[in-house]
Structure formats: structure tokens, C-alpha cells
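These notes are about the structure you will find just below.
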Amino acid sequence: MPGLEDLYREIILDHYRNPRNRGELPVPPAHKVEGFNPLCGDEIVIYLEVSDDNVVNDIKIAGQGCSISQSSASMMSSAVKGKTVDEVRELIRAFKSMMSIHESSLEGEGGEGEDGAVNGSGVKLGDLEALRGVVKFPVRIKCATLAWNTLTQALDEIG
Amino acid sequence: MPGLEDLYREIILDHYRNPRNRGELPVPPAHKVEGFNPLCGDEIVIYLEVSDDNVVNDIKIAGQGCSISQSSASMMSSAVKGKTVDEVRELIRAFKSMMSIHESSLEGEGGEGEDGAVNGSGVKLGDLEALRGVVKFPVRIKCATLAWNTLTQALDEIG
Amino acid sequence: MAVTPTPATGACGRIDVAAVKRDFPLLHVHVHGRPITYLDSAATSQKPQAVLDRLDWYYRNINANVHRGVYSIAEEATNQLETARDRVRSFIGAKSTAEVVFTKNATESLNLVIQGWGRANLSPGDAVVLTHLEHHANIVPWQILATERELELRWVPLTADGHLDTTHLDQLLDGAKAFSFTAMSNVLGTVTPVRELADAARAAGAISIVDACQYVPHLPTDVQAMGADFIAFSGHKMCGPTGIGVLWGREELLDAMPPFLGGGEMIRDVRLDGFTPNDLPWKFEAGTPPIAEAIGLGAAIEYLETLGMVAVRQHEIDLVGHAMQVLTERFGERIQIHGPVNPQDRGGVLSFAFDNLHPHDISQVLDQHGVCVRAGHHCAKPLMRVLGLQATARASFYIYNDEADVEALAAALESAADFFML
Amino acid sequence: MAVTPTPATGACGRIDVAAVKRDFPLLHVHVHGRPITYLDSAATSQKPQAVLDRLDWYYRNINANVHRGVYSIAEEATNQLETARDRVRSFIGAKSTAEVVFTKNATESLNLVIQGWGRANLSPGDAVVLTHLEHHANIVPWQILATERELELRWVPLTADGHLDTTHLDQLLDGAKAFSFTAMSNVLGTVTPVRELADAARAAGAISIVDACQYVPHLPTDVQAMGADFIAFSGHKMCGPTGIGVLWGREELLDAMPPFLGGGEMIRDVRLDGFTPNDLPWKFEAGTPPIAEAIGLGAAIEYLETLGMVAVRQHEIDLVGHAMQVLTERFGERIQIHGPVNPQDRGGVLSFAFDNLHPHDISQVLDQHGVCVRAGHHCAKPLMRVLGLQATARASFYIYNDEADVEALAAALESAADFFML
Ligand SMILES: Cc1ncc(COP(=O)(O)O)c(C=O)c1O
Ligand SMILES: Cc1ncc(COP(=O)(O)O)c(C=O)c1O
């Protein structure tokens, strides 16, 4: 049985206690999107400011949730700031692929998620690797991916 | 566990092999009623001729079914012929009470059926007592009572 | 470690929790190397050995399809199934087994009556009254029907301490056709005044439907005294197996209702051009019933009857009162317990907020200590919104819990706070 | 006593019936002092020890409510439930677990699709095609809907030897919206040409719904090869526990269907003014699922997979062929076996008339010899009427039956004739 230390790495707790990029941005120019985890009631609000040359100029996070959803959002905000939209989409794919390994094997489609697997994509997840342990706690995967799904929605809406 | 001999008494088999009052009667003056056991598909047709002074002048039985339903009908026909309608109703009550002991205790209303219990009513069942063993085979109770329920219906329709 | 006996437990005396605990195999497993402390019986209860034995006995000795078999084991399976039905009947004080319908869970029971009675009796513009305390099982079926039939749903609000606010009940019930409410909240633990509510419904000409999922396992139940028209509950919350639920309804109402699911068992006759439904209760039991499950539920009821439901109720009042006291003394402002203040007004359910920790994180850390509590919206999202909460942590108690379990909970909470060092 | 192996049983080889029999505890009980001969698997199958062990293991070690619990045993219960779903998925060759819905029995599965798909897609005057072979579970829900929606029900008739008479199928399907048919008759044993029928439906623009209750337990099942849109079956007929059924449907069709029962688990969000349904398959699973039952079904599938479904099918063809031969040789004109003449065309079901004895009487006497057969209309009254029968006696075979069971049946029939001396 996986233990607490697999889930709550020190860096996760650090982001939970001291969330980065917390706050709001004026809309417009920023774009605002809300995400919602129906399972646990976690809510997240992302303010995203993308420049004309498709670079994430600024991002702020509001909302409430458990340590996993909040730290994942905080780490995400640090990771995407300054990146191009394409790079961000790459990162989202890599992150979600890391999160999906267990979920997909649970649902018996073990083969499918492998394609875009972490190492295959060549994207460096850095600190985000700390969230890898979440896959051992399937119920919490949705907490970890909430911010990322919401970010995808924001990017899709910006177009 | 109850055995075959509890169910198929010799007299029952005799009535099955040599059913009494088998046939039809002209309608009118006879009254015709069909009964149906949805459980096993048994069918019975009763032709009943009641005189103006409320005596069962004649009765005939047609239809198909298992040994229990057929012999019960045959024994019933012998038992009611020549009786007044009131006496027949008494007999039906006594017979159904004998049949309901187990059924009602199964359905948890053990108290209810007792009132009209065989001995309480004072009615002599005679040969019909041979059907008592049927209560040990709850599934077959409906076979044994089919003819009697159909007879009740006939009496009700005659009015 | 047993709860202090009170003279009020009645003839059945008090519950010997240590002995009860021995009857439940799962309570002896270890989680993360520690003995389990199971505090999630409001979600599902554990099962005593007697229930597991009954299931096993059924499958080994008499497993056969019911109601039509002429051979011995089929007769015996039928006999056992109907005996279990009668046990349910007497456990809830129903008049006849015709009124006891087996379903797969309380949710199906509620859907059966809401869709069955509702489709036959409700027309556009009709009003139905619910309460803010309801579980999704008593909301969503109404919403489905409300859309289909253009019904108006009205809601009984709450008081600040988590009771139903019945101030304007008569107004809400005015012209309503049905009042559907919980007998005990699975989130706040609130025990509602069922008789009073059912009487108000009847006075207004509405039928009453009671979600008794959290009531029947924990309090002595007498449907005559409750005065409602339908009650629904699940076997798995009362020491029985999964896969079995019950709908009780007044015979005349059940009789007037159309069948719900069509198929074998629920018919008297089928022709190419139509069918005739069977007698109650089988009219509402289409297909092969959950046979082993119903028989297992019978064994669960026997078990509960041995303890005595009066004693069960007193045990839970005592234990939840004790827990409220211990947690408040130990954590003061750091813990906030939702719902009624008086343990007499609540079942064995304790929802709380602790130290600004998210319920998911609390539950996760508690698990490391072998303590099982539930975190989330408890299938009562409208209630959570009314309360202004996203989620709660919920400890719920049953016959096998004692003061040691409360102590384990408190200790685990302490280490959760330490762990997150917020 | 094992059936003679034929080269046709494929890679999996033949079934070692003696070994299989040892795995089923109930097959070792005695009835009226004689070892039981269980020949009623079409009604419900017996359960191997491995399934009983799995149920017991679940309740002793991980019993907890699923899908929302954060603690270990709840995660493990969820994991096991979803693993069982995946086992069902691969057993029937479904593309995704999103297409595998757990219900309480095949009857609920059929009602779910008939009421759910039907209410969303059928309007007055629409036609639906059924067959004369159908079980009540695939008739009555249509009749309920037909009354509600003023549908026309059309029927595929039978040939003299109990096959579907597809001569006018295209005409019957012309303009029809759905074709709902059995994959194998529980009365005549007829295995229907599912692929051909599903293709004909598709060509006519109708969806196809298959009652696979008697098919999945007995033949290798591949929903892709079958080509139908929905299939329904029950766990209890395939070595699994009571209280569990399955509906498989094409994802796009399930997606487009409205929810059936409302409650917990099947929602994504609930507000006072409405709800959003959950993803597939949970959208159709309201309330606490039959958790132990689903996990038990998973164990049953593992058991069947060990035997190999190709071998199971061959075993049943061999055994039913043997039985037909033995009974005909022994009793000649005295026995009349209903349904297809060629064992290849039928499942392990043998309905018969014997010596003018009523099926109830046959079954009753057989029981004295420990032989369990079913007597009656087998929940297919329209079929019985078409056949001009009131009832039949039915012996049905499964993996644990062998030639000794056929011999016991024949011997018991002999004494039934003696007993009644007609
Ligand atoms: C062909 C067929 N369809 C449907 C059913 C109904 O299955 P269940 O009673 O498990 O719902 C049965 C079994 O009784 C059957 O044999
Ligand atoms: C108050 C209440 N109502 C209804 C239900 C639904 O019960 P089930 O999931 O057994 O159908 C529950 C349990 O989850 C409950 O607590």
C-alpha cells in the first residue's frame, strides 16, 4: 500500500502552504476560466494573459481546494509563465500522460496512454514530477488534473 | 423434507387416472366458467347447473392440467353434486382454509388463516382431506385450489 | 471501552460493543500496519459473520431460481426469500408482506415510487415538496420527472442549527401532490420529525415519501407510527449485503400504481397483445430477484433484532454525544461540528471542518492511521451549497464503534494537523 | 463419465467435468437422500468455490462504498469493482469499459435500454420488431412502452423446427425503429443468427437489442462480431452471484440516451434547479452499485475463461446431442423433444413432453430422485401459446453436467412413468 510520503512530497506541501501566483488579473486583457471537481467540490479560477505572439505573459490562480489540487495549480502557474502556447500545450500533454498511467490501466486500456508517456514526449516536467505519486491514489488524480483541464479550456477559448 | 407419498395419495392418483364428471353440459341451462393457473398453465372449465332451489344439480369438468389440479377438480365435482349453494360455499371455505395454512404462514400472517380452520368450521372434507399434503409443497397449492377458485367465480356469477 | 450504560436503553439493555466487534471480520484487518477504525457506516456498514455465513449457506445448499421451481431446493430458496421478506415486514411494522418490495438499493426504491407513482399521478403544473437536507437519490429522480412533466419543486429550508425550518411548511404544502423527505440527514445527522411531516402532508392532501436510508439501520422503525405512505431504505447500510434495497408502501397505493420494470416474475399472464401484472409485491419485482441478498438481509435483521433497536439507538446517542464532547474539548475552535447540537436530535453522523484542512487531506492522513472517514459532498450537493460548504469530513458511528474509535479519530486528527503544519 | 473429446474443441481442449464438479459445493448436497442432479442452469447456474471465496474475501477485507472514498479499503473496493467491469469488457469483446453498465439483472438491463432509448427515440406509430421466441423480459417492457407511446409491435414467427422464420424479415423490419431479439431461446434452445439479424436491422435503419441471457454464459461472445447495438445478460446464469446484470451498448448510443434511474453516482453535479449526468458508464448506475456482486461476477468470468468458452460450447453441443440420443433411444415415441433437431443449432437446453405426464408432475417425481428440472412456461407464455403448449419440462446443461446426469434424468423419467402408471 502506498504511503503518505508518496502523495505529499515536500515540494507539494510547500506549494500548498505558499501558493505561487495567487490572485486575480484584470479581465480583459486577461482571460478568466473556472474549473470544478465534482467529486470533492474543489474549485479553481484561472486568469490567463497571453500576448499577441502567443506567450503566457501572466497567470493568476484563485479558488479553493485540497492540497493536491491547490499545489498542482500553483506548480502549473510557475511552470507555464513565459512559455509559448505551444510549449504549454506540450506540457499539459506530458503532465496528463503522467497522470493517466494508472487511470487508464484501471480502466483496462493499459496500452493507450503509453504513446505520449512522460519520457516519450521529451518534455521536462521538473518539479511537477513530484505529483507522480498521485497516480497511486486514483481518487486524487482528478484533484491533480483539475488545474490542467481548466488551463486547456482557457487556451481553447482564447483560440 | 416431505416425500412423494405426502403429495400423491392413492386417492388423488385414482381421481387423476379416472376423473369423475368429466365432460360438458349444455349452456344454458348450465353456467360455464374458465379458470387459469398462470404459474403452470393449467386450465379448467367448469359447467355448473344449479336448480331454482339452489341445489347443484349437475357439474362437469373440462380442461387440462397436472395431477393435482385435475384430481382436485374431480374430487370437488363429486363433493359438491347434490349440495345446496350454501353448503358448497361452506365446503369451499373449509377446503381453502386447509390449503392456506402453509401459504399464510409463509407470508407471515400465520394468525389469519386459523379462524376458518378445518376443524373449526365443522365441515367434513372426507376424501378431500387427501389433498392436505399439498400444503407441504407450496408451489403446488395453486394447482389444488384452481378448481375451487373457479367454482367460487361460477357461484358469484350465478349470483 | 464500552459506552457507559444509561438506564434509558430499555428492556434490551445496552450493547456489548466488544462482543459486537468480534462478530465483524472486517474490523480486524489492518491498514498501513494499524488496526482499522471504521467510521464510515453512513456510506455502508460492515457485515457480521452471521450474514456472511447465511450467504455462503444459501449458495452451497439451496441456490436455485425462485417462485416457479417444483423441486426441493427451488422451493426452499423461495421459502427463504419470502421468509426474509416477512422479517423485513415485522422489522418495520408493516401490515403485510404485500407491502414489502425488494429492489437493488434505496435509490431504485425511490425511483420506483417517484417514477411509478409520479407518472401515474402528476400533471404539468403540479407541485412537489422536498427539503434542503435531501440526498441526490431523493432529488434527481424528481428533477427528471419535473422536466418530463413540468412539475414545480418546492424546498423546505433549514434553520441555522441544521433542522428543517417548518415555519412555512403549510404554505409550501398548499396544493402540493407529494412531500418527499429524509428521515435522517446523512450529512448533518439531523433526525427529522417524520410523523409531524407526514401528517402535514396528509392534511394538505399530499402523499408522503420518506428516504429512510439512514433511519431504518439506526432507529426502531414502525411505519404505522411514522404515518408516511412510502419509505425507502438499503440493506447494505444495515449489516446486510450490497445489491438489496426495500420499498415499503401502503397496499392501496402500491395496488393503484402501474408496474415499473417489465419482465418475468412481475406478470400473471402475457399474450402477444398485452400482459396482466402479478399480485403485490411481485408486481414490482421484475426478473430474477437478488435472492442471496434478500436472504442475507434477513440475517442482518435477525442480528440487529438480537441487539435490539432501542439499544442501538441509545448506543449511538451516547457515542455521538461522547464524540462531540471529546472533539470539542480537545480541539476547541479548531473543529467545527455541523448540524444539531443535541445528540438526541441526531443520528450517529458527525460532519466537521477541522483546522482549515481540506476534507480530502484529512481523510487521506487519517487513512494512514487506519481511520476511515468520508470526505466530500456526501451526495448532497444542494445541501452543501446551502451550507456554503464545498465538502466536509464525516465520521459516522454504528453498533460496533466505541470510545476507543473516538480516541483513534482524535489522535489521527492531531497528526493530520501536525503533518500539514499550516 | 466425461463427454468424449472431439478434435473441434480447439486450443482450450475439452472440459474435465469431474474436476469442474468438484469446484461447485452445491453439486455435492443430497436431496431426499440422493446426490443432486442439477439440470436447471438455464434458470440459474450453480457457483464455483472461487466465486464464493471472492464474495467472502470482499466482505472480510475491503467492504466499503465505492467511487468517493479516499481511504484504502474504499480505493481498493473501487479498484476491484472497476477491474471486474474490465473483465466483463474483455469477456464480451467490448471496446471500452464506458460501454459496460452494471445492473441488477438482465431484466433491468433490457428495461434500461427499452425505456431509456425508447422514450427518447420512439413516437406514436413507430414500429418495433420482436420474435415469438422471446422471454417476458424482452416483451413486457415493450408492451409497457407500446401502450405509453402507441407503438406497433411486430413479431418474427417460427418455423416448424423452432427456428426463426426470416422469410419475411425485411418486410417486418421495413420502417421499424428497433429489432429486439434473443440470441438463444431459453425454452427451445434455438441459437439465433445474431449477426444476420443485426445486419438486417441495420440495413433497415433499426437499432438491434439482443437478449443474450442464455448466450453469454454458454458461447464465446464477441460484441463486435455480433454486430448488434445493445446486449443484455445476467451474472447469476454464468456462475456469478444473484443481484448483478450487464447492459452493453455502443458508446455513441449510450451517450445519447437520457439517464434511467436518478441518484448518487450517476451525476456530475446537482443544483436545486437541475443536474448534470456523469460520464459513461456511471451515468446509468444510480445509487450504491451491487459491489460484491460485480466483483463476484469478475471471479465467475475468470473461472469460465480458465475453462475456455470454445470448450464450454463444444461440451454443451456434445452433451445435449448425447442426451437427445439417449432419451430418444430409450423412450422412442414416449418422449417429444421440442426445438431444433441438430445439437449444433441449440444451446444446452432440452424442453420435452413425456408420456402425457404434466411437467409439474414430472418435475415433482424427478425431485424425489434428486433430479432438478424446471416445469412451466419458462417466462415465455407467448411462445408456449404459439407452440400450442401449456407447459414443458426443461432440463438444461452446463459445464458441470455429464453423461451420468443424463443417465440420472432418464432413470428418473422411467420411475415417473411407473409412479403414475397411466
Ligand atoms: C432468455 C432470457 N431472457 C431474460 C431472462 C431474464 O433474466 P433475469 O431474470 O436474470 O433478469 C432470462 C432468464 O430468466 C432468460 O432466459
Ligand atoms: C440519506 C440517503 N438516501 C439515499 C441513499 C442512497 O442509498 P443507496 O446508494 O444504497 O441507493 C443514501 C446512501 O448513500 C443516503 O444516505
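As shown in the C-alpha cells, the chain order sets the letters A, B, ...; within each chain, residues go from 1, and ligands are also counted from 1 in the order they appear.
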- Query: What do you get as JSON, numbers by chain if you pick all residues at most 8 Å from ligand 2, counting only C-alpha atoms and all ligand atoms?
  - Reply: {"C": [42, 43, 44, 104, 105, 106, 107, 108, 109, 134, 135, 136, 137, 138, 182, 183, 184, 185, 186, 187, 211, 212, 213, 214, 233, 234, 235, 236, 237, 245, 378, 379], "D": [263, 264, 286, 287, 288, 289]}
- Counting only C-alpha atoms, chain D residues within 9 Å of chain A, as number ranges by chain: D: 67-70, 72, 75, 79, 82-83, 85-87, 89-90, 96-98, 267-269
Output all heavy atoms for every residue in that selection, as a compact mmCIF listing (two decimals), in the first residue's frame.
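The result, stored in again_30.txt:
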# COMPACT_ATOMS: atom_id res chain seq x y z
N HIS D 67 -16.09 4.69 -5.18
CA HIS D 67 -16.05 5.86 -6.06
C HIS D 67 -15.76 7.19 -5.37
O HIS D 67 -15.31 8.11 -6.01
CB HIS D 67 -17.33 6.02 -6.89
CG HIS D 67 -17.40 4.99 -7.99
ND1 HIS D 67 -16.34 4.73 -8.80
CD2 HIS D 67 -18.40 4.19 -8.41
CE1 HIS D 67 -16.68 3.79 -9.67
NE2 HIS D 67 -17.92 3.43 -9.46
N ARG D 68 -16.04 7.33 -4.09
CA ARG D 68 -15.76 8.62 -3.49
C ARG D 68 -14.86 8.54 -2.27
O ARG D 68 -14.39 9.55 -1.79
CB ARG D 68 -17.06 9.35 -3.15
CG ARG D 68 -17.75 9.92 -4.39
CD ARG D 68 -19.10 10.48 -4.01
NE ARG D 68 -19.75 9.58 -3.07
CZ ARG D 68 -20.58 8.59 -3.41
NH1 ARG D 68 -20.88 8.40 -4.64
NH2 ARG D 68 -21.09 7.80 -2.50
N GLY D 69 -14.63 7.33 -1.79
CA GLY D 69 -13.85 7.22 -0.56
C GLY D 69 -12.36 7.44 -0.81
O GLY D 69 -11.82 6.99 -1.83
N VAL D 70 -11.71 8.14 0.10
CA VAL D 70 -10.29 8.45 -0.05
C VAL D 70 -9.44 7.42 0.69
O VAL D 70 -8.25 7.30 0.48
CB VAL D 70 -10.01 9.88 0.47
CG1 VAL D 70 -8.54 10.21 0.43
CG2 VAL D 70 -10.81 10.90 -0.32
N SER D 72 -8.04 3.65 2.16
CA SER D 72 -7.51 2.49 1.43
C SER D 72 -8.54 1.45 1.03
O SER D 72 -8.58 1.02 -0.13
CB SER D 72 -6.44 1.78 2.27
OG SER D 72 -5.41 2.68 2.57
N GLU D 75 -10.71 2.71 -1.72
CA GLU D 75 -9.98 2.73 -3.00
C GLU D 75 -9.89 1.33 -3.57
O GLU D 75 -10.04 1.12 -4.78
CB GLU D 75 -8.57 3.29 -2.80
CG GLU D 75 -8.54 4.78 -2.57
CD GLU D 75 -7.62 5.50 -3.57
OE1 GLU D 75 -7.16 4.86 -4.53
OE2 GLU D 75 -7.39 6.69 -3.37
N ASN D 79 -11.34 -0.07 -7.00
CA ASN D 79 -10.42 -0.71 -7.91
C ASN D 79 -10.93 -2.09 -8.33
O ASN D 79 -10.95 -2.43 -9.52
CB ASN D 79 -9.06 -0.81 -7.21
CG ASN D 79 -7.99 -1.35 -8.11
OD1 ASN D 79 -8.16 -1.38 -9.33
ND2 ASN D 79 -6.90 -1.81 -7.54
N GLU D 82 -14.04 -1.80 -10.62
CA GLU D 82 -13.72 -1.39 -11.99
C GLU D 82 -12.90 -2.46 -12.72
O GLU D 82 -12.96 -2.58 -13.93
CB GLU D 82 -13.01 -0.03 -11.98
CG GLU D 82 -13.90 1.11 -11.46
CD GLU D 82 -15.21 1.27 -12.24
OE1 GLU D 82 -15.22 1.01 -13.46
OE2 GLU D 82 -16.24 1.61 -11.63
N THR D 83 -12.13 -3.22 -11.95
CA THR D 83 -11.41 -4.34 -12.55
C THR D 83 -12.41 -5.40 -13.04
O THR D 83 -12.24 -5.97 -14.13
CB THR D 83 -10.43 -4.96 -11.53
OG1 THR D 83 -9.51 -3.95 -11.13
CG2 THR D 83 -9.65 -6.12 -12.14
N ARG D 85 -15.39 -4.78 -13.99
CA ARG D 85 -16.01 -4.23 -15.19
C ARG D 85 -15.13 -4.49 -16.41
O ARG D 85 -15.61 -4.84 -17.49
CB ARG D 85 -16.23 -2.73 -15.00
CG ARG D 85 -17.16 -2.12 -16.06
CD ARG D 85 -17.14 -0.58 -16.03
NE ARG D 85 -17.44 0.01 -14.75
CZ ARG D 85 -18.67 0.20 -14.27
NH1 ARG D 85 -19.71 -0.16 -14.98
NH2 ARG D 85 -18.84 0.75 -13.08
N ASP D 86 -13.84 -4.32 -16.21
CA ASP D 86 -12.93 -4.54 -17.32
C ASP D 86 -12.90 -6.01 -17.75
O ASP D 86 -12.71 -6.33 -18.92
CB ASP D 86 -11.53 -4.07 -16.96
CG ASP D 86 -10.62 -4.08 -18.18
OD1 ASP D 86 -11.04 -3.51 -19.21
OD2 ASP D 86 -9.55 -4.69 -18.13
N ARG D 87 -13.09 -6.88 -16.75
CA ARG D 87 -13.12 -8.31 -17.05
C ARG D 87 -14.35 -8.63 -17.91
O ARG D 87 -14.27 -9.40 -18.86
CB ARG D 87 -13.19 -9.08 -15.73
CG ARG D 87 -12.58 -10.41 -15.78
CD ARG D 87 -11.95 -10.76 -14.44
NE ARG D 87 -10.55 -10.44 -14.40
CZ ARG D 87 -9.89 -10.13 -13.27
NH1 ARG D 87 -10.51 -10.11 -12.11
NH2 ARG D 87 -8.61 -9.87 -13.32
N ARG D 89 -15.79 -6.47 -19.84
CA ARG D 89 -15.47 -5.85 -21.13
C ARG D 89 -14.70 -6.82 -22.02
O ARG D 89 -15.09 -7.07 -23.17
CB ARG D 89 -14.65 -4.57 -20.93
CG ARG D 89 -14.34 -3.82 -22.23
CD ARG D 89 -13.17 -2.88 -22.08
NE ARG D 89 -11.94 -3.58 -21.72
CZ ARG D 89 -11.23 -4.35 -22.54
NH1 ARG D 89 -11.60 -4.53 -23.79
NH2 ARG D 89 -10.14 -4.96 -22.12
N SER D 90 -13.63 -7.37 -21.49
CA SER D 90 -12.80 -8.21 -22.36
C SER D 90 -13.49 -9.53 -22.65
O SER D 90 -13.32 -10.10 -23.73
CB SER D 90 -11.40 -8.39 -21.75
OG SER D 90 -11.39 -9.42 -20.82
N SER D 96 -14.62 -0.58 -24.77
CA SER D 96 -14.27 0.26 -23.62
C SER D 96 -15.18 -0.05 -22.45
O SER D 96 -16.34 -0.47 -22.63
CB SER D 96 -14.42 1.73 -24.03
OG SER D 96 -14.77 2.53 -22.95
N THR D 97 -14.67 0.16 -21.25
CA THR D 97 -15.49 -0.05 -20.06
C THR D 97 -16.63 0.96 -19.99
O THR D 97 -17.59 0.76 -19.24
CB THR D 97 -14.66 0.05 -18.77
OG1 THR D 97 -13.89 1.26 -18.83
CG2 THR D 97 -13.73 -1.14 -18.62
N ALA D 98 -16.52 2.03 -20.76
CA ALA D 98 -17.62 3.01 -20.80
C ALA D 98 -18.90 2.36 -21.32
O ALA D 98 -20.00 2.84 -21.08
CB ALA D 98 -17.24 4.19 -21.68
N ILE D 267 -24.40 11.23 -11.24
CA ILE D 267 -24.39 12.67 -11.51
C ILE D 267 -22.97 13.24 -11.53
O ILE D 267 -22.05 12.68 -10.94
CB ILE D 267 -25.19 13.44 -10.45
CG1 ILE D 267 -24.64 13.12 -9.05
CG2 ILE D 267 -26.65 13.13 -10.54
CD1 ILE D 267 -23.64 14.06 -8.53
N ARG D 268 -22.82 14.32 -12.24
CA ARG D 268 -21.60 15.11 -12.18
C ARG D 268 -21.84 16.28 -11.23
O ARG D 268 -20.99 16.64 -10.42
CB ARG D 268 -21.25 15.62 -13.57
CG ARG D 268 -20.09 16.58 -13.63
CD ARG D 268 -19.76 16.96 -15.05
NE ARG D 268 -19.41 15.77 -15.80
CZ ARG D 268 -18.27 15.11 -15.65
NH1 ARG D 268 -17.36 15.53 -14.79
NH2 ARG D 268 -18.02 14.05 -16.36
N ASP D 269 -23.00 16.86 -11.33
CA ASP D 269 -23.34 17.98 -10.44
C ASP D 269 -24.85 18.01 -10.23
O ASP D 269 -25.61 17.63 -11.11
CB ASP D 269 -22.88 19.30 -11.06
CG ASP D 269 -22.96 20.45 -10.05
OD1 ASP D 269 -22.97 20.16 -8.84
OD2 ASP D 269 -23.02 21.61 -10.48
- Query: What is the distance between atom CA of Glu329 of chain C and atom CA of Ala417 of chain C, in Å to one decimal?
  - Reply: 16.3 Å
- Message: Going by DSSP on the backbone, which residues of segment 23-211 of chain D come out as strand (DSSP E)? List them as an MDAnalysis selection string.
- Response: chainID D and resid 30:31 34:35 37:38 100:103 127:131 152:156 176:182 207:211
- Query: So what do you get for atom CA of Val123 of chain A versus atom CA of Trp148 of chain A, distance-wise?
  - Reply: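 Between atom CA of Val123 of chain A and atom CA of Trp148 of chain A the gap is 15.6 Å.
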- Task: Compile the contact shell of Ile295 of chain D as JSON, numbers by chain: residues with an atom at most 10 Å away, counting only C-alpha atoms, same-chain residues fewer than 5 positions apart removed.
- Result: {"D": [51, 54, 55, 58, 77, 78, 79, 80, 81, 82, 83, 84, 85, 87, 240, 241, 244, 290, 300, 301]}
